[in-house]
Every structure is written in structure tokens, then in C-alpha cells.
file final-v1.cif (mmCIF, C-alpha atoms and all ligand atoms)
data_input
loop_
_atom_site.label_atom_id
_atom_site.label_comp_id
_atom_site.auth_asym_id
_atom_site.auth_seq_id
_atom_site.Cartn_x
_atom_site.Cartn_y
_atom_site.Cartn_z
CA MET A 1286 0.00 0.00 0.00
CA THR A 1287 1.23 3.51 -0.71
CA ALA A 1288 1.55 6.22 1.89
CA THR A 1289 -1.24 8.11 0.16
CA SER A 1290 -3.60 5.16 0.29
CA THR A 1291 -5.76 4.82 3.33
CA LEU A 1292 -8.35 2.44 4.60
CA ASP A 1293 -10.24 5.32 6.19
CA ASP A 1294 -13.85 5.79 5.24
CA ALA A 1295 -13.80 9.48 6.05
CA ASN A 1296 -14.97 10.45 2.57
CA LEU A 1297 -17.85 8.04 2.30
CA THR A 1298 -20.34 9.21 -0.31
CA HIS A 1299 -21.25 5.89 -1.90
CA ALA A 1300 -22.80 3.12 0.14
CA PRO A 1301 -20.38 0.20 0.38
CA ALA A 1302 -21.62 -3.17 -0.68
CA SER A 1303 -21.88 -5.73 2.10
CA SER A 1304 -18.45 -7.23 2.75
CA PRO A 1305 -17.64 -9.48 -0.19
CA ARG A 1306 -16.56 -13.07 0.09
CA VAL A 1307 -13.72 -13.82 -2.29
CA LEU A 1308 -11.56 -16.76 -3.30
CA MET A 1309 -7.79 -16.47 -3.78
CA CYS A 1310 -4.96 -18.88 -4.59
CA ARG A 1311 -1.45 -18.46 -3.17
CA PRO A 1312 1.14 -18.16 -6.00
CA GLU A 1313 3.32 -20.94 -4.57
CA HIS A 1314 3.88 -22.40 -8.03
CA PHE A 1315 3.80 -19.13 -9.93
CA THR A 1316 6.21 -18.73 -12.83
CA VAL A 1317 5.99 -17.96 -16.54
CA SER A 1318 6.71 -21.22 -18.35
CA TYR A 1319 4.53 -20.73 -21.46
CA ARG A 1320 3.21 -17.80 -23.45
CA ILE A 1321 -0.58 -17.45 -23.84
CA ASN A 1322 -0.81 -13.65 -23.71
CA PRO A 1323 1.48 -10.81 -24.84
CA TRP A 1324 2.60 -10.04 -21.27
CA MET A 1325 4.28 -13.41 -20.81
CA TYR A 1326 7.97 -13.97 -21.64
CA PRO A 1327 8.99 -17.48 -20.53
CA GLU A 1328 12.64 -16.64 -21.26
CA ASN A 1329 12.65 -14.00 -18.49
CA PRO A 1330 13.14 -15.05 -14.87
CA THR A 1331 10.37 -14.79 -12.29
CA ASP A 1332 10.66 -14.52 -8.53
CA THR A 1333 8.11 -16.75 -6.80
CA GLY A 1334 9.06 -15.36 -3.37
CA LEU A 1335 8.32 -11.83 -4.52
CA ALA A 1336 5.04 -12.98 -6.09
CA LEU A 1337 4.08 -14.52 -2.73
CA SER A 1338 4.92 -11.42 -0.72
CA GLN A 1339 3.09 -9.08 -3.12
CA TRP A 1340 0.10 -11.41 -3.16
CA SER A 1341 0.11 -11.42 0.67
CA VAL A 1342 -0.25 -7.65 0.70
CA LEU A 1343 -3.38 -8.00 -1.45
CA TYR A 1344 -4.68 -10.73 0.87
CA ASP A 1345 -4.01 -8.58 3.97
CA THR A 1346 -5.65 -5.58 2.32
CA TYR A 1347 -8.85 -7.54 1.73
CA ARG A 1348 -8.80 -8.84 5.29
CA SER A 1349 -8.36 -5.37 6.73
CA LEU A 1350 -11.32 -4.20 4.66
CA GLY A 1351 -13.41 -6.89 6.34
CA PHE A 1352 -13.71 -9.22 3.34
CA GLN A 1353 -14.09 -12.93 3.89
CA VAL A 1354 -11.17 -14.47 2.01
CA ASP A 1355 -11.23 -18.18 1.16
CA ILE A 1356 -8.14 -19.95 -0.14
CA ILE A 1357 -7.90 -22.77 -2.66
CA ASP A 1358 -4.80 -24.99 -2.54
CA PRO A 1359 -2.44 -24.28 -5.45
CA LEU A 1360 -1.50 -27.25 -7.61
CA ALA A 1361 2.04 -27.89 -8.85
CA GLY A 1362 2.35 -27.57 -12.61
CA LEU A 1363 -0.43 -24.95 -12.84
CA PRO A 1364 1.52 -21.67 -12.60
CA ASP A 1365 -1.50 -19.53 -13.60
CA MET A 1366 -3.79 -20.94 -10.90
CA VAL A 1367 -3.07 -17.82 -8.83
CA TYR A 1368 -5.43 -15.98 -11.21
CA ALA A 1369 -8.51 -17.22 -9.36
CA ALA A 1370 -10.87 -14.95 -11.30
CA ASN A 1371 -10.64 -17.42 -14.16
CA GLY A 1372 -11.69 -20.36 -12.00
CA GLY A 1373 -15.40 -19.79 -12.58
CA PHE A 1374 -18.29 -17.39 -12.05
CA VAL A 1375 -20.31 -17.56 -8.85
CA LEU A 1376 -23.70 -15.97 -8.32
CA ASP A 1377 -26.86 -17.01 -6.43
CA GLY A 1378 -24.84 -19.80 -4.82
CA ILE A 1379 -24.32 -21.38 -8.23
CA ALA A 1380 -20.80 -21.83 -9.61
CA TYR A 1381 -20.55 -21.91 -13.39
CA GLY A 1382 -17.31 -23.76 -14.05
CA ALA A 1383 -14.54 -22.59 -16.34
CA LYS A 1384 -13.44 -24.32 -19.52
CA PHE A 1385 -10.14 -22.83 -20.59
CA HIS A 1386 -9.23 -21.78 -24.11
CA HIS A 1387 -5.59 -22.86 -23.73
CA GLN A 1388 -4.80 -26.44 -22.79
CA GLU A 1389 -2.03 -25.25 -20.43
CA ARG A 1390 -4.72 -24.03 -18.03
CA GLY A 1391 -7.25 -26.80 -18.72
CA PRO A 1392 -6.84 -28.72 -15.42
CA GLU A 1393 -7.67 -25.57 -13.42
CA GLY A 1394 -11.33 -25.87 -14.44
CA PRO A 1395 -11.99 -29.19 -12.62
CA ALA A 1396 -9.78 -28.14 -9.68
CA TYR A 1397 -11.88 -25.05 -9.02
CA MET A 1398 -15.15 -26.96 -9.57
CA GLU A 1399 -14.07 -29.51 -6.98
CA TRP A 1400 -13.43 -26.69 -4.51
CA PHE A 1401 -16.86 -25.11 -5.21
CA ARG A 1402 -18.58 -28.45 -4.64
CA ALA A 1403 -16.72 -29.05 -1.38
CA GLN A 1404 -17.87 -25.63 -0.18
CA GLY A 1405 -21.50 -26.44 -0.91
CA PHE A 1406 -21.98 -24.44 -4.10
CA GLU A 1407 -24.16 -25.91 -6.80
CA VAL A 1408 -21.79 -26.47 -9.73
CA VAL A 1409 -22.78 -26.20 -13.38
CA GLU A 1410 -20.27 -27.96 -15.62
CA PRO A 1411 -19.52 -25.75 -18.61
CA VAL A 1412 -20.27 -26.88 -22.14
CA GLU A 1413 -18.85 -23.77 -23.77
CA VAL A 1414 -15.32 -22.39 -23.52
CA ASN A 1415 -15.25 -19.65 -20.88
CA GLU A 1416 -12.72 -18.19 -18.44
CA GLY A 1417 -14.99 -17.24 -15.56
CA GLU A 1418 -14.84 -13.79 -14.08
CA GLY A 1419 -12.03 -12.94 -16.43
CA ASP A 1420 -14.72 -12.42 -19.07
CA PHE A 1421 -17.95 -12.14 -17.04
CA LEU A 1422 -18.47 -9.12 -14.82
CA LEU A 1423 -21.61 -8.43 -12.81
CA VAL A 1424 -22.74 -4.79 -12.77
CA GLY A 1425 -25.88 -4.46 -10.68
CA ASP A 1426 -28.16 -7.12 -12.11
CA THR A 1427 -26.51 -7.29 -15.52
CA ILE A 1428 -23.71 -9.62 -16.60
CA LEU A 1429 -21.24 -8.03 -19.01
CA ALA A 1430 -19.78 -10.90 -21.04
CA ALA A 1431 -16.79 -10.64 -23.36
CA SER A 1432 -15.33 -12.69 -26.13
CA GLY A 1433 -12.61 -12.09 -28.65
CA PHE A 1434 -9.64 -13.96 -27.20
CA ARG A 1435 -10.73 -16.48 -24.57
CA SER A 1436 -14.43 -17.08 -23.83
CA ASP A 1437 -16.62 -18.20 -26.75
CA THR A 1438 -19.84 -16.31 -27.50
CA GLY A 1439 -21.75 -19.54 -26.82
CA SER A 1440 -20.84 -19.11 -23.16
CA HIS A 1441 -22.79 -15.84 -23.08
CA LYS A 1442 -25.97 -17.75 -23.88
CA GLU A 1443 -25.00 -20.48 -21.42
CA ILE A 1444 -24.51 -18.01 -18.55
CA ALA A 1445 -27.79 -16.24 -19.39
CA ASP A 1446 -29.66 -19.54 -19.14
CA ILE A 1447 -28.03 -20.44 -15.83
CA TYR A 1448 -28.70 -17.21 -13.97
CA GLY A 1449 -31.71 -15.74 -15.78
CA ARG A 1450 -29.98 -12.36 -15.78
CA GLU A 1451 -29.56 -9.93 -18.63
CA VAL A 1452 -26.29 -10.66 -20.42
CA VAL A 1453 -24.64 -8.00 -22.56
CA SER A 1454 -22.09 -9.30 -25.08
CA LEU A 1455 -18.96 -7.26 -25.70
CA GLN A 1456 -16.10 -7.85 -28.12
CA LEU A 1457 -12.46 -7.35 -27.15
CA ILE A 1458 -10.04 -6.40 -29.94
CA ASN A 1459 -6.62 -5.75 -28.35
CA PRO A 1460 -4.62 -8.91 -27.50
CA SER A 1461 -2.99 -7.15 -24.53
CA TYR A 1462 -6.47 -6.79 -23.00
CA TYR A 1463 -7.53 -10.35 -23.67
CA HIS A 1464 -9.91 -10.71 -20.70
CA LEU A 1465 -12.75 -8.31 -19.93
CA ASP A 1466 -11.35 -7.65 -16.46
CA THR A 1467 -8.18 -6.20 -17.99
CA ALA A 1468 -10.19 -3.63 -19.96
CA LEU A 1469 -13.14 -2.84 -17.70
CA ALA A 1470 -13.55 -2.35 -13.96
CA VAL A 1471 -16.76 -2.57 -11.95
CA VAL A 1472 -16.67 0.23 -9.39
CA ASP A 1473 -20.17 -0.16 -7.97
CA SER A 1474 -23.58 -1.47 -9.06
CA THR A 1475 -24.03 1.37 -11.57
CA THR A 1476 -20.49 2.61 -12.24
CA ILE A 1477 -17.79 1.16 -14.44
CA ALA A 1478 -14.41 2.28 -15.77
CA TYR A 1479 -13.06 1.11 -19.11
CA LEU A 1480 -10.46 1.50 -21.82
CA PRO A 1481 -12.29 2.45 -25.05
CA SER A 1482 -9.57 1.21 -27.44
CA ALA A 1483 -9.93 -2.34 -26.09
CA PHE A 1484 -13.45 -2.72 -27.57
CA ASP A 1485 -14.93 -2.85 -31.06
CA GLU A 1486 -17.28 -0.07 -32.22
CA ARG A 1487 -20.50 -1.94 -31.49
CA SER A 1488 -19.40 -2.70 -27.93
CA LEU A 1489 -18.29 0.89 -27.42
CA GLY A 1490 -21.72 2.12 -28.50
CA ILE A 1491 -23.31 -0.16 -25.88
CA LEU A 1492 -20.96 0.96 -23.12
CA ARG A 1493 -21.42 4.66 -23.92
CA GLU A 1494 -25.19 4.36 -23.95
CA ARG A 1495 -25.49 2.28 -20.78
CA TYR A 1496 -22.79 3.98 -18.76
CA PRO A 1497 -22.62 7.63 -19.85
CA ASP A 1498 -20.87 8.56 -16.58
CA ALA A 1499 -18.24 5.84 -16.75
CA ILE A 1500 -14.65 6.62 -15.85
CA ILE A 1501 -12.60 6.55 -19.04
CA ALA A 1502 -9.20 5.01 -18.34
CA THR A 1503 -5.94 6.25 -19.82
CA GLU A 1504 -3.77 3.98 -21.95
CA GLU A 1505 -1.01 4.40 -19.32
CA ASP A 1506 -3.17 3.15 -16.48
CA ALA A 1507 -4.52 0.26 -18.54
CA ALA A 1508 -0.94 -0.72 -19.45
CA VAL A 1509 -0.17 -1.45 -15.77
CA LEU A 1510 -3.45 -3.38 -15.59
CA GLY A 1511 -4.94 -0.55 -13.56
CA LEU A 1512 -8.45 -1.54 -14.59
CA ASN A 1513 -7.86 -4.99 -13.17
CA SER A 1514 -9.21 -3.86 -9.81
CA PHE A 1515 -11.61 -5.04 -7.13
CA SER A 1516 -14.20 -2.81 -5.47
CA ASP A 1517 -16.60 -3.33 -2.57
CA GLY A 1518 -18.59 -0.34 -3.79
CA HIS A 1519 -16.46 2.17 -1.92
CA ASN A 1520 -12.93 0.85 -1.42
CA VAL A 1521 -11.33 0.13 -4.77
CA VAL A 1522 -8.16 -1.97 -4.67
CA ILE A 1523 -6.09 -1.11 -7.74
CA ALA A 1524 -2.57 -1.27 -9.16
CA GLU A 1525 -0.48 1.27 -7.30
CA ARG A 1526 0.91 2.67 -10.56
CA ALA A 1527 -2.54 3.52 -11.98
CA THR A 1528 -2.37 7.08 -10.68
CA THR A 1529 -4.90 8.79 -12.96
CA PHE A 1530 -7.49 6.11 -12.25
CA ALA A 1531 -6.82 6.54 -8.52
CA ALA A 1532 -7.31 10.31 -8.79
CA ASP A 1533 -10.54 9.89 -10.80
CA LEU A 1534 -11.89 7.46 -8.20
CA ALA A 1535 -10.99 9.79 -5.34
CA ASP A 1536 -12.66 12.74 -7.13
CA ARG A 1537 -15.88 10.75 -7.20
CA GLY A 1538 -15.74 9.91 -3.51
CA TYR A 1539 -14.37 6.38 -3.71
CA ASN A 1540 -11.37 5.21 -1.72
CA PRO A 1541 -8.64 3.90 -4.05
CA ILE A 1542 -6.10 1.62 -2.39
CA GLY A 1543 -2.95 0.93 -4.38
CA VAL A 1544 -1.09 -2.38 -4.27
CA GLU A 1545 1.99 -3.43 -6.22
CA LEU A 1546 1.71 -6.78 -8.02
CA SER A 1547 4.60 -6.31 -10.48
CA GLU A 1548 5.58 -9.98 -10.33
CA LEU A 1549 2.09 -11.22 -11.17
CA LEU A 1550 1.98 -8.69 -14.01
CA LEU A 1551 4.65 -10.85 -15.68
CA GLY A 1552 1.92 -13.45 -16.18
CA GLY A 1553 -0.48 -10.82 -17.49
CA GLY A 1554 -2.57 -10.49 -14.34
CA GLY A 1555 -3.30 -8.02 -11.57
CA VAL A 1556 -5.58 -7.42 -8.59
CA LYS A 1557 -8.84 -8.64 -10.11
CA CYS A 1558 -7.25 -11.66 -11.75
CA CYS A 1559 -6.22 -12.84 -8.28
CA THR A 1560 -9.76 -12.43 -6.95
CA LEU A 1561 -12.92 -14.48 -7.57
CA GLU A 1562 -16.06 -13.17 -5.93
CA LEU A 1563 -18.25 -15.81 -4.26
CA ARG A 1564 -21.83 -14.55 -4.23
CA SER A 1565 -24.38 -16.57 -2.30
N1 LIG A 1601 -1.46 -15.92 -17.64
C1 LIG A 1601 -2.88 -15.91 -17.44
C2 LIG A 1601 -3.59 -16.16 -18.74
O1 LIG A 1601 -3.13 -15.71 -19.75
C3 LIG A 1601 -3.33 -14.61 -16.83
C4 LIG A 1601 -4.77 -14.57 -16.45
C5 LIG A 1601 -5.21 -13.26 -15.92
N2 LIG A 1601 -6.52 -13.32 -15.38
C6 LIG A 1601 -7.49 -12.45 -15.60
N3 LIG A 1601 -8.61 -12.59 -14.96
N4 LIG A 1601 -7.37 -11.49 -16.48
O2 LIG A 1601 -4.61 -16.81 -18.79
#
call {"tool": "encode", "arguments": {"input": "final-v1.cif", "output": "C-alpha cells", "more": "lines below"}}
Ligand code: ARG
result
Amino acid sequence: MTATSTLDDANLTHAPASSPRVLMCRPEHFTVSYRINPWMYPENPTDTGLALSQWSVLYDTYRSLGFQVDIIDPLAGLPDMVYAANGGFVLDGIAYGAKFHHQERGPEGPAYMEWFRAQGFEVVEPVEVNEGEGDFLLVGDTILAASGFRSDTGSHKEIADIYGREVVSLQLINPSYYHLDTALAVVDSTTIAYLPSAFDERSLGILRERYPDAIIATEEDAAVLGLNSFSDGHNVVIAERATTFAADLADRGYNPIGVELSELLLGGGGVKCCTLELRS
């Protein structure tokens, strides 16, 4: 956390959501051993110890905000398992399992589903390729669903049938922002932030019409995965280096809290990627 970040609620103007319950996975086996997104360079060294200590700061931040944080055991040979957001999508006590686009991450799908089952969630086995909360984000009662690089459009129909919620399909076009949660942040039940250049024209039209007051992210902030953030409706945990986004959030009465996850950025993930919300 930076010196300028604070957990104080002194500026509260937006009602915080009830304390979220989230799932995380310790990066004990984190490394970059294959390349499935433009951020990953297997030839460059990674520091698992540093990944663990940076991850622990995120964990401690959530705990100090009063979140319930569950932990899934990391599995050897699955270096990307730390990115728990991709492990599924959980709403109404129902866990829609993930089915990964790349075979390197394939075994994570069943591992997360096994955890959901053991915790008493109803599990829906996926038919369509989808990468969980990486590409599905809940805003109020609407599910924003992306495709383009990972999740297939068929999964948008599948998730609509499971939850009976409105699903809005969006198309990602920049390979660096290959999951929706790298290009769009949910700040509260009516407010989002996004990077316009990550979306095709049709999707942009939808976002502009539905969220005229959205925070528009800078390319610089998006490039440190600043949008890959997690909010409880008031406290917004973001990449420490996303300074413009932090200032915009503070201007609107939110409480941005910066964390440094530089090591996990080497795998192409940030705050949100490490966080799967468990909604009962
Ligand atoms: N290396 C991982 C991948 O390419 C990173 C996943 C990041 N997760 C996310 N929710 N954006 O799949």
C-alpha cells in the first residue's frame, strides 16, 4: 500500500456493498513457463518469493477491509492458478465452471469446480469455452460478457440460461487486454471504468449508452493493468501505478487503495485476476 492510500472511510459518499466473500490462490507455483498472452515472456526469470509477498499484501488488504477471504490450494504444474478470477463465475450460490481456451490451463477448471462443490456451491459444468470472471463481470443485475480472445460467445448464452440475468455481449479487440477484467472495472452497481480502445465499435456504443458517466481510463493506467481492480462499492483496490485512475476514483468519492503486483503482471494479471467473488 502507498503512503497516500488509506483504509479510512472518512470520505464516504457511496454506500459500500456488504463485505464481499472472495476466493484467492497463493502463488506458490507461480512462474511464466509458457506464453498465452502478450505479457508473458517465458525466457525472463520470475521470482516466486516476490510474487508470494506481493500477493500477501493483497490478501491482507482484503482482510483489513473486512472481506471474507477463502483460499484454494495451489497445484504444482499450474503456474497460472493464482489468477482465481478465471476459476469460474459464482452468483446465487451457483458456480458456473470454467473451460479454458488454452490447454495449459485446462486442469484448473476441474480443480476449481471440486473446490466449489466441497464448499456447498451448486456447480454447473460448462459446455462452452469460458474463463470465468475474467470475461464475465456483474454490474448491478446485468452480466457483461466478453469474447474475442478467450471465452466463446456460446458461453454468453449459457450463462444467461443459468442465472436468468440480462447478459450484454462485448467484443475485445486488443490482445494485450484479452480478458474483460483487464479492460473494464466494476466500481459499484451502476459505475464502471473502461479503456475504449480495447473494444470494437459496437461494444463501445453499448458501453457509452449504458454507462454515460463511466470513468474513461488512460492507456497508461490500462498498461499497468490498472483496470484490473476489485471494489466493494467504496474501497477500490487497484494497481499502485494507476495514478490517474486513482485520482478519478478519489474525485468521485471512492477510496482507491494501491497495491503493487509487479511480479504477477509478468503473467499478465493483476488485482482482479487474483480475486474471484463468491456470491451466495
Ligand atoms: N497468464 C494468465 C492467462 O493468460 C493470466 C490470467 C489473468 N486473469 C485475468 N482474470 N485477467 O490466462
call {"tool": "atom_distance", "arguments": {"input": "final-v1.cif", "atom1": "CA of Ala1499 (chain A)", "atom2": "CA of Ser1565 (chain A)"}}
result
27.4 Å
call {"tool": "residues_near_ligand", "arguments": {"input": "final-v1.cif", "ligand": "ligand LIG 1601 (chain A)", "cutoff": "6 Å", "atoms": "only C-alpha atoms and all ligand atoms", "output": "list in words"}}
result
Ile1321, Asn1322, Asp1365, Tyr1368, Ala1370, Asn1371, Gly1419, His1464, Asp1466, Thr1467, Gly1552, Gly1553, Gly1554 and Cys1558 of chain A
call {"tool": "atom_distance", "arguments": {"input": "final-v1.cif", "atom1": "CA of Gly1425 (chain A)", "atom2": "CA of Thr1475 (chain A)"}}
result
6.2 Å
call {"tool": "axis_aligned_box", "arguments": {"input": "final-v1.cif", "around": "region 1341-1344 of chain A", "padding_each_side": "3 Å", "output": "JSON"}}
result
{"center_x": -2.3, "center_y": -9.5, "center_z": -0.3, "size_x": 10.8, "size_y": 9.8, "size_z": 8.3}
call {"tool": "residues_around", "arguments": {"input": "final-v1.cif", "residues": "region 1307-1315 of chain A", "least_positions_apart": "6", "cutoff": "9 Å", "atoms": "all atoms listed in the file", "output": "short mmCIF file (atom, residue, chain, number, x, y, z; two decimals) with C-alpha atoms, in the frame of the given file"}}
result
data_model
loop_
_atom_site.label_atom_id
_atom_site.label_comp_id
_atom_site.auth_asym_id
_atom_site.auth_seq_id
_atom_site.Cartn_x
_atom_site.Cartn_y
_atom_site.Cartn_z
CA THR A 1331 10.37 -14.79 -12.29
CA ASP A 1332 10.66 -14.52 -8.53
CA THR A 1333 8.11 -16.75 -6.80
CA GLY A 1334 9.06 -15.36 -3.37
CA ALA A 1336 5.04 -12.98 -6.09
CA LEU A 1337 4.08 -14.52 -2.73
CA TRP A 1340 0.10 -11.41 -3.16
CA SER A 1341 0.11 -11.42 0.67
CA TYR A 1344 -4.68 -10.73 0.87
CA TYR A 1347 -8.85 -7.54 1.73
CA PHE A 1352 -13.71 -9.22 3.34
CA GLN A 1353 -14.09 -12.93 3.89
CA VAL A 1354 -11.17 -14.47 2.01
CA ASP A 1355 -11.23 -18.18 1.16
CA ILE A 1356 -8.14 -19.95 -0.14
CA ILE A 1357 -7.90 -22.77 -2.66
CA ASP A 1358 -4.80 -24.99 -2.54
CA PRO A 1359 -2.44 -24.28 -5.45
CA LEU A 1360 -1.50 -27.25 -7.61
CA ALA A 1361 2.04 -27.89 -8.85
CA GLY A 1362 2.35 -27.57 -12.61
CA LEU A 1363 -0.43 -24.95 -12.84
CA PRO A 1364 1.52 -21.67 -12.60
CA ASP A 1365 -1.50 -19.53 -13.60
CA MET A 1366 -3.79 -20.94 -10.90
CA VAL A 1367 -3.07 -17.82 -8.83
CA TYR A 1368 -5.43 -15.98 -11.21
CA ALA A 1369 -8.51 -17.22 -9.36
CA ALA A 1370 -10.87 -14.95 -11.30
CA LEU A 1549 2.09 -11.22 -11.17
CA GLY A 1552 1.92 -13.45 -16.18
CA CYS A 1559 -6.22 -12.84 -8.28
CA THR A 1560 -9.76 -12.43 -6.95
CA LEU A 1561 -12.92 -14.48 -7.57
CA GLU A 1562 -16.06 -13.17 -5.93
CA LEU A 1563 -18.25 -15.81 -4.26
CA ARG A 1564 -21.83 -14.55 -4.23
#
call {"tool": "closest_residue", "arguments": {"input": "final-v1.cif", "among": "A:Arg1435, A:Lys1442, A:Arg1487, A:Lys1557", "to": "Val1414 (chain A)", "atoms": "only C-alpha atoms"}}
result
A:Arg1435
call {"tool": "closest_residue", "arguments": {"input": "final-v1.cif", "among": "A:Ile1500, A:Val1544, A:Val1556, A:Leu1551", "to": "Pro1330 (chain A)", "atoms": "all atoms listed in the file"}}
result
A:Leu1551
call {"tool": "closest_residue", "arguments": {"input": "final-v1.cif", "among": "A:Val1453, A:Phe1530, A:Val1317, A:Asn1329", "to": "Arg1495 (chain A)", "atoms": "only C-alpha atoms"}}
result
A:Val1453
call {"tool": "atom_distance", "arguments": {"input": "final-v1.cif", "atom1": "CA of Phe1406 (chain A)", "atom2": "CA of Val1375 (chain A)"}}
result
8.5 Å
call {"tool": "residues_around", "arguments": {"input": "final-v1.cif", "residues": "Ser1436 (chain A)", "least_positions_apart": "6", "cutoff": "10 Å", "atoms": "all atoms listed in the file", "output": "compact mmCIF listing (two decimals) with C-alpha atoms, in the coordinates of the input"}}
result
# COMPACT_ATOMS: atom_id res chain seq x y z
CA ALA A 1383 -14.54 -22.59 -16.34
CA LYS A 1384 -13.44 -24.32 -19.52
CA PHE A 1385 -10.14 -22.83 -20.59
CA HIS A 1386 -9.23 -21.78 -24.11
CA GLU A 1413 -18.85 -23.77 -23.77
CA VAL A 1414 -15.32 -22.39 -23.52
CA ASN A 1415 -15.25 -19.65 -20.88
CA GLU A 1416 -12.72 -18.19 -18.44
CA GLY A 1417 -14.99 -17.24 -15.56
CA GLY A 1419 -12.03 -12.94 -16.43
CA ASP A 1420 -14.72 -12.42 -19.07
CA PHE A 1421 -17.95 -12.14 -17.04
CA ALA A 1430 -19.78 -10.90 -21.04
CA TYR A 1463 -7.53 -10.35 -23.67
CA HIS A 1464 -9.91 -10.71 -20.70
CA LEU A 1465 -12.75 -8.31 -19.93
call {"tool": "closest_residue", "arguments": {"input": "final-v1.cif", "among": "A:Leu1550, A:Ala1396, A:Val1521, A:Met1325", "to": "Arg1537 (chain A)", "atoms": "only C-alpha atoms"}}
result
A:Val1521
call {"tool": "closest_residue", "arguments": {"input": "final-v1.cif", "among": "A:Tyr1496, A:Phe1374, A:Trp1400, A:Tyr1479", "to": "Ile1428 (chain A)", "atoms": "only C-alpha atoms"}}
result
A:Phe1374
call {"tool": "closest_residue", "arguments": {"input": "final-v1.cif", "among": "A:Phe1515, A:Phe1484, A:Tyr1448, A:Trp1324", "to": "Asn1540 (chain A)", "atoms": "all atoms listed in the file"}}
result
A:Phe1515
call {"tool": "residues_around", "arguments": {"input": "final-v1.cif", "residues": "Glu1504 (chain A)", "least_positions_apart": "5", "cutoff": "10 Å", "atoms": "all atoms listed in the file", "output": "PyMOL selection string"}}
result
chain A and resi 1480-1483+1509-1511
call {"tool": "residues_near_point", "arguments": {"input": "final-v1.cif", "point": "(-29.2, -12.8, -10.1)", "cutoff": "7 Å", "atoms": "only C-alpha atoms", "output": "JSON, numbers by chain"}}
result
{"A": [1376, 1377, 1426, 1448, 1449, 1450]}
call {"tool": "build_atoms", "arguments": {"input": "final-v1.cif", "residues": "region 1506-1512 of chain A", "atoms": "all heavy atoms", "output": "tab-separated table (two decimals), keeping the file's coordinate frame"}}
result
chain	number	residue	atom	x	y	z
A	1506	ASP	N	-2.65	3.90	-17.62
A	1506	ASP	CA	-3.17	3.15	-16.48
A	1506	ASP	C	-3.56	1.72	-16.89
A	1506	ASP	O	-3.33	0.76	-16.14
A	1506	ASP	CB	-4.38	3.85	-15.86
A	1506	ASP	CG	-3.96	5.03	-14.99
A	1506	ASP	OD1	-2.74	5.24	-14.82
A	1506	ASP	OD2	-4.86	5.73	-14.48
A	1507	ALA	N	-4.14	1.60	-18.08
A	1507	ALA	CA	-4.52	0.26	-18.54
A	1507	ALA	C	-3.27	-0.60	-18.73
A	1507	ALA	O	-3.29	-1.81	-18.47
A	1507	ALA	CB	-5.30	0.36	-19.86
A	1508	ALA	N	-2.18	0.02	-19.15
A	1508	ALA	CA	-0.94	-0.72	-19.45
A	1508	ALA	C	-0.23	-1.25	-18.19
A	1508	ALA	O	0.70	-2.05	-18.30
A	1508	ALA	CB	0.01	0.15	-20.26
A	1509	VAL	N	-0.67	-0.82	-17.01
A	1509	VAL	CA	-0.17	-1.45	-15.77
A	1509	VAL	C	-1.29	-2.29	-15.15
A	1509	VAL	O	-1.27	-2.60	-13.96
A	1509	VAL	CB	0.38	-0.41	-14.76
A	1509	VAL	CG1	1.66	0.22	-15.30
A	1509	VAL	CG2	-0.65	0.69	-14.44
A	1510	LEU	N	-2.25	-2.64	-16.00
A	1510	LEU	CA	-3.45	-3.38	-15.59
A	1510	LEU	C	-4.19	-2.67	-14.44
A	1510	LEU	O	-4.69	-3.32	-13.51
A	1510	LEU	CB	-3.14	-4.84	-15.25
A	1510	LEU	CG	-2.75	-5.72	-16.46
A	1510	LEU	CD1	-2.65	-7.19	-16.05
A	1510	LEU	CD2	-3.76	-5.59	-17.61
A	1511	GLY	N	-4.24	-1.35	-14.56
A	1511	GLY	CA	-4.94	-0.55	-13.56
A	1511	GLY	C	-6.43	-0.85	-13.48
A	1511	GLY	O	-7.05	-0.73	-12.42
A	1512	LEU	N	-7.02	-1.24	-14.61
A	1512	LEU	CA	-8.45	-1.54	-14.59
A	1512	LEU	C	-8.74	-2.88	-13.92
A	1512	LEU	O	-9.88	-3.17	-13.56
A	1512	LEU	CB	-9.01	-1.54	-16.02
A	1512	LEU	CG	-9.15	-0.14	-16.62
A	1512	LEU	CD1	-9.39	-0.22	-18.12
A	1512	LEU	CD2	-10.29	0.63	-15.93
